[in-house]
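Engineer: One structure, pasted below without further comment.
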Amino acid sequence: MTINNDIFPELNHEIIKPLLETEDILLWKSWQKYPNQARYLILLFYRYLYLTQTSSYYSNRIENQEFYLEKLWFFIFDNLLIYDIGEEEILSQVIINLIQEFFTEENIIFPNTNNCHFDFQLRYLPLKYYLEKSLEKLTPIERIILVTKDKFIWEDDKILQYLQQQKEKITLPEIKAFYTKAHSQLLNNLPTDIVSIYL
């Protein structure tokens, strides 16, 4: 499939451009071998995003399940990373099978609607995937402080009150220190090419 570089400006990045003519299987194997080099995943994702946008069976159904679309792609990423690649493997068929497996496991009932459009936020799913993996490496207290402060815009006093209700022995200066450390670790845990391409 031809990918529009205007819709996905990341594909014009100097890290990605040398890979544009690389075959799917080689990209896939390279990503399995070097999972911290996100460039392989990014290109595969853009090549196959259409399967969850225009697939004859799933197109409108997935489009109306915004909550599940991110979960779906994270499921696909996780499984592609550990998949035993055969000699004659066809990536599109593997992804279609994973889509079917995901929705069967989630037991989703789809609305019968016809609404197909491209969500530009989807282009950031590789970044969100690696951010999620990076968050998982933080301690629970670091994760709580980072998420409540950055995602929910809580003030330090509110975070302190919440944590004390959870029986955490913590002070206001410690919250500031945990936040600074967690923020630094979150970025340091990201692959360097993810930072370069998206941030």
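Chain labels follow the order of the structure tokens: the first chain is A, the next B, and so on; residue numbering restarts at 1 in every chain, and ligands are counted from 1 in their shown order.
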Any idea what's packed within 9 Å of region 86-98 of chain A, counting only C-alpha atoms, ignoring anything in its chain fewer than 3 positions away? Could you give it as a PyMOL selection string?
Structural biologist: chain A and resi 24-25+28+48+51-52+55+72+75-76+79-80+101-103
Engineer: Could the residues of region 122-169 of chain A that have an atom at most 9 Å from region 180-192 of chain A be listed as a tab-separated table, each with its closest atom pair and the distance in Å to one decimal, counting only C-alpha atoms and ordered by chain and ascending residue number?
Structural biologist:
```
residue	atom	partner	partner_atom	distance
A:Leu127	CA	A:Leu190	CA	8.9
A:Tyr130	CA	A:Leu190	CA	6.4
A:Leu131	CA	A:Leu190	CA	6.9
A:Lys133	CA	A:Leu190	CA	8.4
A:Ser134	CA	A:Asn189	CA	5.5
A:Leu135	CA	A:Leu186	CA	6.3
A:Lys137	CA	A:Asn189	CA	8.0
A:Leu138	CA	A:Ala182	CA	6.8
A:Thr139	CA	A:Ala182	CA	8.5
A:Glu142	CA	A:Ala182	CA	5.5
A:Arg143	CA	A:Ala182	CA	7.2
A:Ile145	CA	A:Ala182	CA	8.3
A:Leu146	CA	A:Ala182	CA	6.6
```
Engineer: Hey, what's within 12 Å of Thr148 (chain A) if we count only C-alpha atoms and toss same-chain stuff fewer than 4 positions away? As a ChimeraX atom specification, please?
Structural biologist: /A:141-144,152-160,162-163,175,179
Engineer: Have a look at CA of Lys176 (chain A) and CA of Glu136 (chain A) and let me know their distance in Å, one decimal.
Structural biologist: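 Interatomic distance here is 20.0 Å.
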Engineer: Please run DSSP on the backbone and report, as a ChimeraX atom specification, all residues within chain A that come out as helix (DSSP H, G or I).
Structural biologist: /A:9-12,17-19,24-33,39-52,59-63,66-82,91-106,120-136,140-150,156-165,172-188,192-198
Engineer: With a distance cut-off of 9 Å and only C-alpha atoms, select the neighbouring residues of Leu41 (chain A), excluding the residue or stretch itself and same-chain residues fewer than 2 positions from it, and output the selection as a PDB file with N, CA and C atoms, in the first residue's frame.
Structural biologist:
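Result file is out_27.pdb:
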```
ATOM      1  N   LEU A  27      11.586  -5.841   7.970  1.00  0.00           N
ATOM      2  CA  LEU A  27      11.254  -4.861   9.016  1.00  0.00           C
ATOM      3  C   LEU A  27      10.770  -5.569  10.273  1.00  0.00           C
ATOM      4  N   TRP A  28       9.913  -6.534  10.068  1.00  0.00           N
ATOM      5  CA  TRP A  28       9.311  -7.284  11.179  1.00  0.00           C
ATOM      6  C   TRP A  28      10.390  -8.022  11.970  1.00  0.00           C
ATOM      7  N   TRP A  31      12.578  -5.598  13.894  1.00  0.00           N
ATOM      8  CA  TRP A  31      11.944  -5.083  15.107  1.00  0.00           C
ATOM      9  C   TRP A  31      11.986  -6.126  16.227  1.00  0.00           C
ATOM     10  N   PRO A  35      13.911  -4.498  19.519  1.00  0.00           N
ATOM     11  CA  PRO A  35      12.633  -3.867  19.890  1.00  0.00           C
ATOM     12  C   PRO A  35      12.773  -2.435  20.379  1.00  0.00           C
ATOM     13  N   GLN A  37      14.491  -0.248  18.864  1.00  0.00           N
ATOM     14  CA  GLN A  37      14.603   0.602  17.681  1.00  0.00           C
ATOM     15  C   GLN A  37      13.217   0.687  17.057  1.00  0.00           C
ATOM     16  N   ALA A  38      12.477   1.689  17.472  1.00  0.00           N
ATOM     17  CA  ALA A  38      11.052   1.789  17.150  1.00  0.00           C
ATOM     18  C   ALA A  38      10.776   2.082  15.689  1.00  0.00           C
ATOM     19  N   ARG A  39      11.797   2.475  14.934  1.00  0.00           N
ATOM     20  CA  ARG A  39      11.607   2.845  13.524  1.00  0.00           C
ATOM     21  C   ARG A  39      10.941   1.728  12.724  1.00  0.00           C
ATOM     22  N   LEU A  43       7.112   2.121  10.855  1.00  0.00           N
ATOM     23  CA  LEU A  43       6.864   1.934   9.430  1.00  0.00           C
ATOM     24  C   LEU A  43       5.851   0.822   9.182  1.00  0.00           C
ATOM     25  N   LEU A  44       5.975  -0.279   9.909  1.00  0.00           N
ATOM     26  CA  LEU A  44       4.982  -1.353   9.766  1.00  0.00           C
ATOM     27  C   LEU A  44       3.589  -0.876  10.149  1.00  0.00           C
ATOM     28  N   PHE A  45       3.509  -0.094  11.220  1.00  0.00           N
ATOM     29  CA  PHE A  45       2.218   0.429  11.661  1.00  0.00           C
ATOM     30  C   PHE A  45       1.571   1.281  10.570  1.00  0.00           C
ATOM     31  N   TYR A  46       2.328   2.180   9.976  1.00  0.00           N
ATOM     32  CA  TYR A  46       1.763   3.040   8.937  1.00  0.00           C
ATOM     33  C   TYR A  46       1.375   2.246   7.693  1.00  0.00           C
ATOM     34  N   PHE A  77       0.819  -5.063  18.387  1.00  0.00           N
ATOM     35  CA  PHE A  77       2.258  -4.823  18.594  1.00  0.00           C
ATOM     36  C   PHE A  77       2.879  -5.900  19.481  1.00  0.00           C
ATOM     37  N   PRO A 126       2.288   4.488  17.870  1.00  0.00           N
ATOM     38  CA  PRO A 126       3.604   3.930  18.244  1.00  0.00           C
ATOM     39  C   PRO A 126       4.233   4.668  19.424  1.00  0.00           C
TER      40      PRO A 126
END
```
Engineer: State, in Å with one decimal place, the distance from CA of Val195 (chain A) to CA of Glu23 (chain A).
Structural biologist: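 These atoms are spaced 24.3 Å apart.
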